[in-house]
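Asks: I am attaching a structure below and will ask some questions about it afterwards.
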Amino acid sequence: MKSPDLAVHWGPLRLSNPLVLSSGTHGMGEDGPRLFPPEILGAIVSKTVTVDPREGNPPPRVAETPCGMLNSIGLPNPGIDAYERDVHPRLVSLGVPVIVSIAGFTRDEYRTLAARVDRLESVAGIEVNVSCPNVERGGMVAGASPGETLAVLEAVTGETDRAVVAKLTPNVTDIVEIGQAAMEGGARMLSVINTLVGMSVDVDRRCSNLGVMTGGLSGPAIHPVGLANLWKLAKATGAPVLGGGGVVSAEGALAYLIAGASAVGIGTATFVDPFAPVHILEGIADYLERHEFASVTEVIGSLAETQADLSFPEEAC
Amino acid sequence: MKSPDLAVHWGPLRLSNPLVLSSGTHGMGEDGPRLFPPEILGAIVSKTVTVDPREGNPPPRVAETPCGMLNSIGLPNPGIDAYERDVHPRLVSLGVPVIVSIAGFTRDEYRTLAARVDRLESVAGIEVNVSCPNVERGGMVAGASPGETLAVLEAVTGETDRAVVAKLTPNVTDIVEIGQAAMEGGARMLSVINTLVGMSVDVDRRCSNLGVMTGGLSGPAIHPVGLANLWKLAKATGAPVLGGGGVVSAEGALAYLIAGASAVGIGTATFVDPFAPVHILEGIADYLERHEFASVTEVIGSLAETQADLSFPEEAC
Amino acid sequence: MPSPHPIPCRAEILRNEKVAPEVYWLELGLGGHFPPPYPGQFVLLRVLNAWEPFLLRPMSIFAFETSRRGSRMEVLYRVVGRGTRILASRCIGEPLDLIGPLGRGFQAGGGRPRILIGGGMGVAPLVFLASRPEPEDVLILGCRSTSEFPVDFVRERVRVPVRVCTEDGSCGVTGVAPEMAEALAAQCEWKVEVIAGGPPAMLAVVARLCEDRDVPCQVTLEARMACGTGSCLGCAIPTRPPGLYRRACTEGPVFEAREIRWEALP
Amino acid sequence: MPSPHPIPCRAEILRNEKVAPEVYWLELGLGGHFPPPYPGQFVLLRVLNAWEPFLLRPMSIFAFETSRRGSRMEVLYRVVGRGTRILASRCIGEPLDLIGPLGRGFQAGGGRPRILIGGGMGVAPLVFLASRPEPEDVLILGCRSTSEFPVDFVRERVRVPVRVCTEDGSCGVTGVAPEMAEALAAQCEWKVEVIAGGPPAMLAVVARLCEDRDVPCQVTLEARMACGTGSCLGCAIPTRPPGLYRRACTEGPVFEAREIRWEALP
Ligand SMILES: Cc1cc2nc3c(=O)[nH]c(=O)nc-3n(C[C@H](O)[C@H](O)[C@H](O)COP(=O)(O)OP(=O)(O)OC[C@H]3O[C@@H](n4cnc5c(N)ncnc54)[C@H](O)[C@@H]3O)c2cc1C
Ligand SMILES: Cc1cc2nc3c(=O)[nH]c(=O)nc-3n(C[C@H](O)[C@H](O)[C@H](O)COP(=O)(O)OP(=O)(O)OC[C@H]3O[C@@H](n4cnc5c(N)ncnc54)[C@H](O)[C@@H]3O)c2cc1C
Ligand SMILES: Cc1cc2nc3c(=O)[nH]c(=O)nc-3n(C[C@H](O)[C@H](O)[C@H](O)COP(=O)(O)O)c2cc1C
Ligand SMILES: Cc1cc2nc3c(=O)[nH]c(=O)nc-3n(C[C@H](O)[C@H](O)[C@H](O)COP(=O)(O)O)c2cc1C
Ligand code: FES
Ligand code: FES
């Protein structure tokens, strides 16, 4: 039997397989994903880059939680100049499509970043991290408001014809509304989920376990939340959506694909199981063979929907 | 040494200790919390009751997730008439303060329920479950909108002078805004968090692991999310807030108290460790002795705040 | 027959032995305080002493014995997923937390001869029932193949006559349990009671046969469970009239077959 | 000295022995492919083969040996929380997953006599360093009390002269390690190099002493870690100039003392 075809289309991008290494989970390219062959990935998203260099938050920056972790890294990055000079070439040398993640504190910064990344070579796409506070609007995270999300995406897509992804935050009342605004603003693809806001307390010292008060929750604990967001978003918008959050196994990745994801993001898993991407890809191929699918695309969106849905909302029970 | 004083005030309520058994996690009182002495609790919140009887969602109604579970119970309950006749007396007989949880599909239903519960004897308070879809407003969950939350709380507090708690959903962009609306609407106390919306997929059968598509996530996985919500809400509103979500240990309960909770909710933990309430109360007493606190109230809100907070939002890193 | 009050309990693994390719025989030492269960009751097992896997696994009581040195309980389980795979890896001497005895077991009958029908692992609670047999009990044991199910192991554990049928003919009659039950019941002109455990599809057939002949039939059903004690309302079994659910862990797992809405089972 | 490329590896527990009230000596069999580490490097250990506890725990390499039958690694650890408590409960023969060797170890010095200063568990990487001693190395071992730390056990493991000081006088000189180091260095007119591991407060004092005398000083620092491989940017160590952070897992855990902003350490 022919081994199954793992290639997928995520919007205009063609990836050799659906596994995308998420932003912020593989350093700045200096060390890269060191423990597995990066060329097995479908794509890699750079650490989010800002206009100016940033040093990030005071330590501790990570804390363990049940089946997950909190981070308060604070977006350290060398800024777009050094990204262009040092980081991008290293990422490109890994031999997989590179998606550049950008974040601005004003619409203008997003514009600048888009224009700068547009000039780079070997850019498969631009991921817009909308979980950045807009300093002009009282520090509200852009991705928390449909209006601001629209404006940020318009700012970015006004400067580039490259494929633009909007990476959404799950810390919102209605992710569909935000996703629709991003598509209206010119995004070609969506990506869910960024981390959930969380907190951890050292009860003996009566202080946060992070150097700041709150952080972003990732890892298996959030898999059900990421999956629900992906499913709602893909279903309601029809947009090509990358689904991720808490993927640590082939089953976890397949759940996103079955629920409608065009591609699957993986991040935190690689911290605790550096070979996770290898195992996940092998597991997906196995699954396809076992279920006699010729291609992973046959699985995408294959979820059976019960008609009994939403007789009552999830959170009220 | 005198053993530490565990009594707390949660708004107008005086509880013998801060541990409150959450709504929906101890049946309808028929079997009650069967495996531990219920009288050790600070209070018990009834399963949410609606005007009419409800049978709930089709099975399966529960699914396991990493360090947690999803439920799609669907609010089965015998309706307010049978609650008054059968359930309430059984709950009262447990010998702890009973808070009655109510949910309506219209403002009028909330009004009806408030009036009915107001007439009951031995009611320590009324918890308003705002995670109920308002059928008059396109099925949006009341607790997702500050305006509707205000209206629902006004409807309830217009009918009763009893202490009213608003139990908030975490599936919102800004829980502070909702909490403030609830307090404006006449709530005397707040409670966080209800479950997070989540989903789980059976990859072999390509269907939801629940009888409906999505469910509510609870258990240790959500502890960091509940804690962040509690801390923000207590700090910003100054209201007496019960904190819960994912408490399985004394440390988990103490984290909520330290972060500012007046009382602590516990639910899912009792499914997997029926003696959890006993162990948690013992652990809190131990902690107070070890740290030489005479009373649990000294711990409430004792969290050290870093000035470095929010140099960058949690979810962007 | 009021159910005994369940307790949480730390057991010790005395045996955890493979008796068929994916089937294990677990024996637990329980100390002296475990309330003696009734046949048809079950326990919730924490497969690992940790928060992961999070939920406890329901397992029927396969055997139970009290002696001066405390009680011993047996469970027969099939490895079907993550939890049971972990359980199969646990070693003798290790502690294992459980809650039990849970649920409402088999109800005493009307004195008619009883046909116990077990399909695959569904036979587990019937083996416990058959350890306290009534005079005319017969156990029908159906499974796909002896290569998948420890037929001889189970047969040797019961003190009632056992009739075996397998789908592939590897043991006993070639066929399925309901057919065999039908033939047997017909011999007694259906003056029998039926008690059945197994896959829902098999139980539905048995239930239908019995309802048609107005024969009393008890079935033991499975459902996804969180608490096992009636608290979460998670283990809903669709019962008649439509729209009504009962809890497998509290009103069940043994139900009158005619109460079940078979078409609404997941 | 380029660091060897780290690998994930399934080790076998060969020994997990209590050597002081809360201190354990772990020995791991690694097979033949584990890259030989440098002193000062560390490994990440998965204390349980599960997703809970979620993160791996960083531990210095205490000893390492390669033979025809594969390599053996030792770790000396103190039980301080959940992860180390679970680790202490693991049994001989069980598998243990790890990643390593990680980080940048101690750097070769300028040929001056070396004073190695270990405060409590911070001595672990120095013991590995002292297993490949240079001629004039001296190890100062400071701890609160012999009742809290396995002084004799450690002393017997190294091949360099060891000076012990304890705060309660239960062994060696009564006092703290930096004082002892100061006296020793003064004897050599500070023509020494210093290499120190231990609590940050102790290291800050040592760093200060060395900076004042312009003595080269390497310190090994701890930080909360997620990935250990430079990927998460979680293990930030505040370095000079202010505002700059470096990664303990990649640029460290060994740093030049004068690079550290001691006041900004958590
Ligand atoms: C009252 C009762 C008694 C039972 N007695 C026995 C017994 O004696 N021997 C035995 O081998 N099994 C018994 N089961 C089934 C057993 O509980 C499940 O096989 C087990 O929980 C699966 O756990 P897992 O983690 O290995 O599988 P999972 O990975 O959770 O799931 C694997 C498969 O098992 C099924 N499953 C999971 N949980 C349940 C559940 N609670 N009930 C039914 N099916 C489930 C799912 O449909 C899924 O396809 C009983 C179930 C109930 C409710
Ligand atoms: C490079 C490096 C080398 C280390 N070498 C050793 C060693 O050889 N022997 C040894 O006993 N310990 C060593 N540690 C510390 C060890 O990693 C922690 O003690 C361990 O991770 C605690 O895990 P826990 O789950 O038991 O504690 P937790 O419950 O996670 O925390 C308990 C306490 O331990 C501290 N702690 C937790 N994680 C870390 C960490 N990553 N670094 C520092 N402190 C932490 C916390 O401040 C907390 O107060 C080293 C740490 C690093 C970074
Ligand atoms: C340490 C860490 C740093 C992260 N940094 C970024 C970042 O710079 N930009 C971004 O868009 N997402 C960032 N994320 C979010 C991840 O890309 C991913 O969306 C999230 O962690 C959920 O997926 P996971 O559970 O597979 O990690 C970061 C996550 C972690 C854990
Ligand atoms: C099975 C189940 C049923 C629940 N039913 C209700 C309910 O009827 N009303 C309500 O307000 N919350 C309900 N909840 C939410 C809990 O009260 C609690 O807010 C939530 O589970 C988080 O806390 P925990 O992690 O301690 O369980 C339910 C939760 C579970 C797990
Ligand atoms: S399993 Fe919770 S009510 Fe039955
Ligand atoms: S621990 Fe992840 S970068 Fe150092």
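For the structure tokens, the naming scheme is as follows: chains receive sequential letters (A, B, ...) according to their order of presentation, residues are indexed from 1 within each chain, and ligands are indexed from 1 in presentation order.
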Identify all residues of region 155-210 of chain C in helix (DSSP H, G or I) (DSSP on the backbone) and supply them as a list in words.
Replies: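 Result set for region 155-210 of chain C (helix (DSSP H, G or I)): Arg155, Glu156, Arg157, Ala177, Pro178, Glu179, Met180, Ala181, Glu182, Ala183, Leu184, Ala185, Ala186, Gln187, Pro200, Ala201, Met202, Leu203, Ala204, Val205, Val206, Ala207, Arg208, Leu209 and Cys210 of chain C.
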Asks: Just want the residues within 6 Å of ligand 1, written as a list in words, counting only C-alpha atoms and all ligand atoms.
Replies: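 Answer in the requested format: Phe42, Arg57, Pro58, Met59, Ser60, Leu76, Tyr77, Arg78, Val79, Val80, Gly81, Arg82, Gly83, Thr84, Arg85, Met121, Ala124, Glu222, Ala223, Arg224, Met225 and Pro253 of chain C.
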Asks: Select residues of chain D: the criterion is any atom within 12 Å of an atom of chain C, counting only C-alpha atoms; output as a ChimeraX atom specification.
Replies: /D:48-54,82,86
Asks: Could you save the residues just selected, with N, CA, C and O atoms, as a PDB file, in the first residue's frame?
Replies:
```
ATOM      1  N   LEU D  48       8.347  11.212  36.355  1.00  0.00           N
ATOM      2  CA  LEU D  48       7.371  10.131  36.193  1.00  0.00           C
ATOM      3  C   LEU D  48       7.077  10.031  34.708  1.00  0.00           C
ATOM      4  O   LEU D  48       7.012  11.039  34.028  1.00  0.00           O
ATOM      5  N   ASN D  49       6.864   8.844  34.202  1.00  0.00           N
ATOM      6  CA  ASN D  49       6.628   8.699  32.778  1.00  0.00           C
ATOM      7  C   ASN D  49       5.166   9.006  32.455  1.00  0.00           C
ATOM      8  O   ASN D  49       4.369   8.128  32.156  1.00  0.00           O
ATOM      9  N   ALA D  50       4.814  10.286  32.558  1.00  0.00           N
ATOM     10  CA  ALA D  50       3.425  10.723  32.401  1.00  0.00           C
ATOM     11  C   ALA D  50       3.433  12.211  32.103  1.00  0.00           C
ATOM     12  O   ALA D  50       4.489  12.851  32.122  1.00  0.00           O
ATOM     13  N   TRP D  51       2.260  12.774  31.824  1.00  0.00           N
ATOM     14  CA  TRP D  51       2.156  14.216  31.580  1.00  0.00           C
ATOM     15  C   TRP D  51       2.043  14.996  32.876  1.00  0.00           C
ATOM     16  O   TRP D  51       1.884  16.212  32.871  1.00  0.00           O
ATOM     17  N   GLU D  52       2.045  14.314  33.966  1.00  0.00           N
ATOM     18  CA  GLU D  52       1.897  14.961  35.270  1.00  0.00           C
ATOM     19  C   GLU D  52       2.889  14.336  36.245  1.00  0.00           C
ATOM     20  O   GLU D  52       2.846  13.122  36.398  1.00  0.00           O
ATOM     21  N   PRO D  53       3.783  15.042  36.910  1.00  0.00           N
ATOM     22  CA  PRO D  53       4.069  16.467  36.735  1.00  0.00           C
ATOM     23  C   PRO D  53       4.524  16.775  35.311  1.00  0.00           C
ATOM     24  O   PRO D  53       5.212  15.970  34.705  1.00  0.00           O
ATOM     25  N   PHE D  54       4.151  17.951  34.832  1.00  0.00           N
ATOM     26  CA  PHE D  54       4.294  18.238  33.413  1.00  0.00           C
ATOM     27  C   PHE D  54       5.732  18.535  32.989  1.00  0.00           C
ATOM     28  O   PHE D  54       6.204  18.016  31.985  1.00  0.00           O
ATOM     29  N   ARG D  82       7.176  18.654  44.969  1.00  0.00           N
ATOM     30  CA  ARG D  82       6.442  17.533  44.435  1.00  0.00           C
ATOM     31  C   ARG D  82       7.284  16.657  43.519  1.00  0.00           C
ATOM     32  O   ARG D  82       7.274  15.435  43.623  1.00  0.00           O
ATOM     33  N   ILE D  86       8.429  12.728  44.176  1.00  0.00           N
ATOM     34  CA  ILE D  86       8.099  11.595  43.305  1.00  0.00           C
ATOM     35  C   ILE D  86       9.375  10.876  42.872  1.00  0.00           C
ATOM     36  O   ILE D  86       9.454   9.645  42.905  1.00  0.00           O
TER      37      ILE D  86
END
```
Asks: Would you list the contacts of Ala151 (chain B) as JSON, numbers by chain, taking every protein, DNA or RNA residue within 7 Å and counting only C-alpha atoms, but skipping same-chain residues closer than 4 positions in sequence?
Replies: {"B": [147, 155, 185]}
Asks: Using only C-alpha atoms and all ligand atoms, find each protein or nucleic acid residue lying at most 7 Å from ligand 4; present the set as JSON, numbers by chain.
Replies: {"A": [316, 317], "B": [22, 23, 24, 25, 47, 48, 71, 73, 75, 101, 129, 167, 192, 193, 194, 195, 218, 219, 220, 222, 244, 245, 246, 247, 265, 266, 267, 268, 269], "C": [232, 233, 234]}
Asks: Produce a file of the selected residues containing C-alpha atoms, as a PDB file, in the first residue's frame.
Replies:
```
ATOM      1  CA  ALA A 316     -24.275  26.314  32.489  1.00  0.00           C
ATOM      2  CA  CYS A 317     -24.686  22.659  33.356  1.00  0.00           C
TER       3      CYS A 317
ATOM      4  CA  SER B  22     -20.305  23.898  44.130  1.00  0.00           C
ATOM      5  CA  SER B  23     -23.517  23.652  42.204  1.00  0.00           C
ATOM      6  CA  GLY B  24     -24.109  20.538  40.145  1.00  0.00           C
ATOM      7  CA  THR B  25     -21.489  18.418  41.810  1.00  0.00           C
ATOM      8  CA  LYS B  47     -27.817  22.067  41.624  1.00  0.00           C
ATOM      9  CA  THR B  48     -29.143  24.876  39.449  1.00  0.00           C
ATOM     10  CA  ASN B  71     -19.447  17.728  31.091  1.00  0.00           C
ATOM     11  CA  ILE B  73     -25.074  17.458  31.678  1.00  0.00           C
ATOM     12  CA  LEU B  75     -29.016  21.187  33.615  1.00  0.00           C
ATOM     13  CA  SER B 101     -28.759  28.205  42.429  1.00  0.00           C
ATOM     14  CA  ASN B 129     -26.290  31.122  37.250  1.00  0.00           C
ATOM     15  CA  LYS B 167     -21.856  33.174  39.429  1.00  0.00           C
ATOM     16  CA  VAL B 192     -16.000  32.478  39.784  1.00  0.00           C
ATOM     17  CA  ILE B 193     -15.590  30.394  37.760  1.00  0.00           C
ATOM     18  CA  ASN B 194     -18.120  28.312  35.969  1.00  0.00           C
ATOM     19  CA  THR B 195     -16.631  25.863  33.462  1.00  0.00           C
ATOM     20  CA  SER B 218     -13.526  21.589  35.060  1.00  0.00           C
ATOM     21  CA  GLY B 219     -10.897  20.099  37.332  1.00  0.00           C
ATOM     22  CA  PRO B 220      -7.229  20.886  38.061  1.00  0.00           C
ATOM     23  CA  ILE B 222      -8.526  25.061  34.897  1.00  0.00           C
ATOM     24  CA  GLY B 244     -13.081  28.135  42.591  1.00  0.00           C
ATOM     25  CA  GLY B 245     -12.236  25.993  39.633  1.00  0.00           C
ATOM     26  CA  GLY B 246      -9.843  23.092  39.849  1.00  0.00           C
ATOM     27  CA  VAL B 247      -9.373  23.017  43.613  1.00  0.00           C
ATOM     28  CA  GLY B 265     -15.642  26.525  45.756  1.00  0.00           C
ATOM     29  CA  ILE B 266     -14.999  22.858  45.233  1.00  0.00           C
ATOM     30  CA  GLY B 267     -16.750  20.555  42.800  1.00  0.00           C
ATOM     31  CA  THR B 268     -15.079  18.123  40.437  1.00  0.00           C
ATOM     32  CA  ALA B 269     -12.443  17.120  42.994  1.00  0.00           C
TER      33      ALA B 269
ATOM     34  CA  CYS C 232     -22.582  14.470  38.671  1.00  0.00           C
ATOM     35  CA  LEU C 233     -25.631  13.220  36.740  1.00  0.00           C
ATOM     36  CA  GLY C 234     -23.148  12.172  34.064  1.00  0.00           C
TER      37      GLY C 234
END
```
Asks: When the cut-off is 9 Å and you count only C-alpha atoms and all ligand atoms, which residues lie near ligand 5, shown as a PyMOL selection string?
Replies: (chain B and resi 25-27+62+271) or (chain C and resi 103+223-236+246-252)
Asks: Identify, on the basis of only C-alpha atoms, every residue whose closest approach to Leu184 (chain C) does not exceed 10 Å; exclude the query and any residue fewer than 6 positions from it along the same chain; express the result as a PyMOL selection string.
Replies: chain C and resi 115+138+140+163+178+190+192
Asks: Would you save the residues from that selection as a PDB file, in the first residue's frame, using all heavy atoms?
Replies:
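Everything below was put into result.pdb:
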```
ATOM      1  N   ILE C 115     -31.874 -17.693  33.539  1.00  0.00           N
ATOM      2  CA  ILE C 115     -30.866 -17.809  32.490  1.00  0.00           C
ATOM      3  C   ILE C 115     -29.989 -16.563  32.576  1.00  0.00           C
ATOM      4  O   ILE C 115     -30.476 -15.442  32.404  1.00  0.00           O
ATOM      5  CB  ILE C 115     -31.490 -17.896  31.088  1.00  0.00           C
ATOM      6  CG1 ILE C 115     -32.474 -19.079  31.028  1.00  0.00           C
ATOM      7  CG2 ILE C 115     -30.411 -18.047  30.021  1.00  0.00           C
ATOM      8  CD1 ILE C 115     -33.144 -19.238  29.675  1.00  0.00           C
ATOM      9  N   VAL C 138     -28.628 -21.263  34.904  1.00  0.00           N
ATOM     10  CA  VAL C 138     -27.752 -21.665  33.800  1.00  0.00           C
ATOM     11  C   VAL C 138     -27.040 -20.404  33.318  1.00  0.00           C
ATOM     12  O   VAL C 138     -27.663 -19.336  33.255  1.00  0.00           O
ATOM     13  CB  VAL C 138     -28.553 -22.251  32.620  1.00  0.00           C
ATOM     14  CG1 VAL C 138     -27.618 -22.624  31.473  1.00  0.00           C
ATOM     15  CG2 VAL C 138     -29.346 -23.448  33.078  1.00  0.00           C
ATOM     16  N   ILE C 140     -25.129 -18.702  30.154  1.00  0.00           N
ATOM     17  CA  ILE C 140     -24.728 -18.747  28.752  1.00  0.00           C
ATOM     18  C   ILE C 140     -23.601 -17.737  28.575  1.00  0.00           C
ATOM     19  O   ILE C 140     -23.720 -16.575  28.974  1.00  0.00           O
ATOM     20  CB  ILE C 140     -25.892 -18.376  27.832  1.00  0.00           C
ATOM     21  CG1 ILE C 140     -26.978 -19.448  27.933  1.00  0.00           C
ATOM     22  CG2 ILE C 140     -25.422 -18.211  26.399  1.00  0.00           C
ATOM     23  CD1 ILE C 140     -28.232 -19.112  27.163  1.00  0.00           C
ATOM     24  N   ARG C 163     -23.108 -22.910  29.313  1.00  0.00           N
ATOM     25  CA  ARG C 163     -23.198 -23.213  27.880  1.00  0.00           C
ATOM     26  C   ARG C 163     -22.397 -22.145  27.155  1.00  0.00           C
ATOM     27  O   ARG C 163     -22.634 -20.949  27.389  1.00  0.00           O
ATOM     28  CB  ARG C 163     -24.643 -23.130  27.384  1.00  0.00           C
ATOM     29  CG  ARG C 163     -25.649 -23.876  28.196  1.00  0.00           C
ATOM     30  CD  ARG C 163     -25.620 -25.368  27.864  1.00  0.00           C
ATOM     31  NE  ARG C 163     -26.595 -26.073  28.667  1.00  0.00           N
ATOM     32  CZ  ARG C 163     -27.841 -26.328  28.247  1.00  0.00           C
ATOM     33  NH1 ARG C 163     -28.246 -25.916  27.063  1.00  0.00           N
ATOM     34  NH2 ARG C 163     -28.675 -27.005  29.021  1.00  0.00           N
ATOM     35  N   PRO C 178     -27.811 -14.576  22.338  1.00  0.00           N
ATOM     36  CA  PRO C 178     -29.277 -14.470  22.356  1.00  0.00           C
ATOM     37  C   PRO C 178     -29.970 -15.663  21.694  1.00  0.00           C
ATOM     38  O   PRO C 178     -30.991 -16.144  22.187  1.00  0.00           O
ATOM     39  CB  PRO C 178     -29.539 -13.174  21.574  1.00  0.00           C
ATOM     40  CG  PRO C 178     -28.287 -12.374  21.736  1.00  0.00           C
ATOM     41  CD  PRO C 178     -27.178 -13.383  21.748  1.00  0.00           C
ATOM     42  N   TRP C 190     -40.421 -20.691  28.170  1.00  0.00           N
ATOM     43  CA  TRP C 190     -40.235 -19.288  28.575  1.00  0.00           C
ATOM     44  C   TRP C 190     -40.665 -19.029  30.015  1.00  0.00           C
ATOM     45  O   TRP C 190     -40.865 -17.880  30.394  1.00  0.00           O
ATOM     46  CB  TRP C 190     -40.944 -18.355  27.598  1.00  0.00           C
ATOM     47  CG  TRP C 190     -40.215 -18.309  26.264  1.00  0.00           C
ATOM     48  CD1 TRP C 190     -40.486 -19.059  25.166  1.00  0.00           C
ATOM     49  CD2 TRP C 190     -39.074 -17.503  25.928  1.00  0.00           C
ATOM     50  NE1 TRP C 190     -39.599 -18.788  24.160  1.00  0.00           N
ATOM     51  CE2 TRP C 190     -38.717 -17.814  24.595  1.00  0.00           C
ATOM     52  CE3 TRP C 190     -38.328 -16.546  26.607  1.00  0.00           C
ATOM     53  CZ2 TRP C 190     -37.665 -17.230  23.938  1.00  0.00           C
ATOM     54  CZ3 TRP C 190     -37.279 -15.943  25.946  1.00  0.00           C
ATOM     55  CH2 TRP C 190     -36.945 -16.284  24.628  1.00  0.00           C
ATOM     56  N   VAL C 192     -39.077 -18.547  32.572  1.00  0.00           N
ATOM     57  CA  VAL C 192     -37.737 -18.264  33.095  1.00  0.00           C
ATOM     58  C   VAL C 192     -37.634 -16.789  33.454  1.00  0.00           C
ATOM     59  O   VAL C 192     -38.539 -15.998  33.175  1.00  0.00           O
ATOM     60  CB  VAL C 192     -36.660 -18.582  32.030  1.00  0.00           C
ATOM     61  CG1 VAL C 192     -36.604 -20.065  31.723  1.00  0.00           C
ATOM     62  CG2 VAL C 192     -36.902 -17.763  30.750  1.00  0.00           C
TER      63      VAL C 192
END
```
Asks: Considering only C-alpha atoms, return as a short mmCIF file (atom, residue, chain, number, x, y, z; two decimals) with N, CA, C and O atoms, in the first residue's frame whatever protein or nucleic-acid residues lie within 6 Å of region 122-125 of chain A, sequence-local ones (same chain, fewer than 5 positions apart) excluded.
Replies:
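Below is the file result.cif, written as the result:
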```
data_model
loop_
_atom_site.label_atom_id
_atom_site.label_comp_id
_atom_site.auth_asym_id
_atom_site.auth_seq_id
_atom_site.Cartn_x
_atom_site.Cartn_y
_atom_site.Cartn_z
N PRO A 97 9.12 25.94 5.25
CA PRO A 97 8.49 27.26 5.09
C PRO A 97 8.52 28.04 6.41
O PRO A 97 8.21 27.48 7.46
N VAL A 98 8.90 29.30 6.31
CA VAL A 98 8.99 30.15 7.50
C VAL A 98 7.87 31.18 7.47
O VAL A 98 7.71 31.91 6.49
N ILE A 99 7.10 31.20 8.56
CA ILE A 99 6.06 32.21 8.73
C ILE A 99 6.58 33.18 9.79
O ILE A 99 7.02 32.75 10.86
N ARG A 162 1.78 39.17 0.82
CA ARG A 162 2.06 37.82 1.31
C ARG A 162 0.85 37.29 2.09
O ARG A 162 0.01 38.05 2.55
N ALA A 163 0.83 35.98 2.24
CA ALA A 163 -0.27 35.34 2.95
C ALA A 163 -0.24 35.74 4.42
O ALA A 163 0.76 35.52 5.10
N VAL A 164 -1.31 36.36 4.89
CA VAL A 164 -1.35 36.83 6.27
C VAL A 164 -2.26 35.95 7.11
O VAL A 164 -3.39 35.65 6.73
#
```
Asks: So which residues touch Pro8 (chain D) within 9 Å, counting only C-alpha atoms, skipping near sequence neighbours fewer than 5 positions away, as a tab-separated table (two decimals) with C-alpha atoms, in the first residue's frame?
Replies:
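Written output follows (part04.tsv):
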```tsv
chain	number	residue	atom	x	y	z
A	35	LEU	CA	16.57	17.66	19.16
A	273	ASP	CA	9.11	15.59	24.69
A	274	PRO	CA	11.57	16.87	22.12
A	275	PHE	CA	10.66	14.07	19.74
D	34	PHE	CA	24.81	9.41	25.62
D	97	ASP	CA	13.43	9.66	30.65
D	98	LEU	CA	15.91	12.49	30.44
D	99	ILE	CA	17.37	15.03	28.07
D	100	GLY	CA	21.02	15.97	28.12
```
Asks: Counting only C-alpha atoms, which of A:Ala115, A:Val165, A:Val264, A:Ala221 gets nearest to chain C?
Replies: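 Counting only C-alpha atoms, the residue closest to chain C is A:Ala221.
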Asks: Env of Gln218 (chain C): 8 Å cut, atoms = only C-alpha atoms, seq-sep filter 4 positions within chain, self excluded. Answer as a PyMOL selection string.
Replies: chain C and resi 106+194-196+254-257
Asks: From the set A:Thr306, A:Pro60, A:Gly211, A:Leu153, which residue has the shortest atom-to-atom contact distance to ligand 6, counting only C-alpha atoms and all ligand atoms?
Replies: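 That would be A:Pro60, the residue with the smallest distance to ligand 6.
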Asks: Counting only C-alpha atoms and all ligand atoms, which of B:Glu251, B:Thr173, B:Gly56, B:Arg61 gets nearest to ligand 2?
Replies: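 Closest candidate: B:Glu251.
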Asks: Based on the backbone DSSP call, show me all residues of region 8-163 of chain A assigned strand (DSSP E), as a VMD selection string.
Replies: chain A and resid 8 to 10 13 to 15 19 to 21 43 to 45 62 to 65 68 to 71 98 to 102 125 to 129 133 to 134 140 to 141
Asks: Find, counting only C-alpha atoms, the residue in A:Glu148, A:Glu159, A:Asp202, A:Asp5 that gets nearest to chain D.
Replies: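 Result for the nearest residue to chain D: A:Asp202.
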Asks: Which of these, D:Ala88, D:Ile117, D:Ala264, D:Val219, has the shortest distance to chain B once you count only C-alpha atoms?
Replies: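 With only C-alpha atoms as the atom set, the closest residue is D:Ala264.
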Asks: With distances taken over only C-alpha atoms and all ligand atoms, which residue among A:Leu257, A:Met213, A:Leu6, A:Val130 lies nearest ligand 3?
Replies: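 Among the listed residues, the smallest separation from ligand 3 belongs to A:Val130.
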Asks: Record the distance separating CA of Arg157 (chain C) and CA of Val206 (chain C), expressed in Å with one decimal.
Replies: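 Between CA of Arg157 (chain C) and CA of Val206 (chain C) the gap is 24.1 Å.
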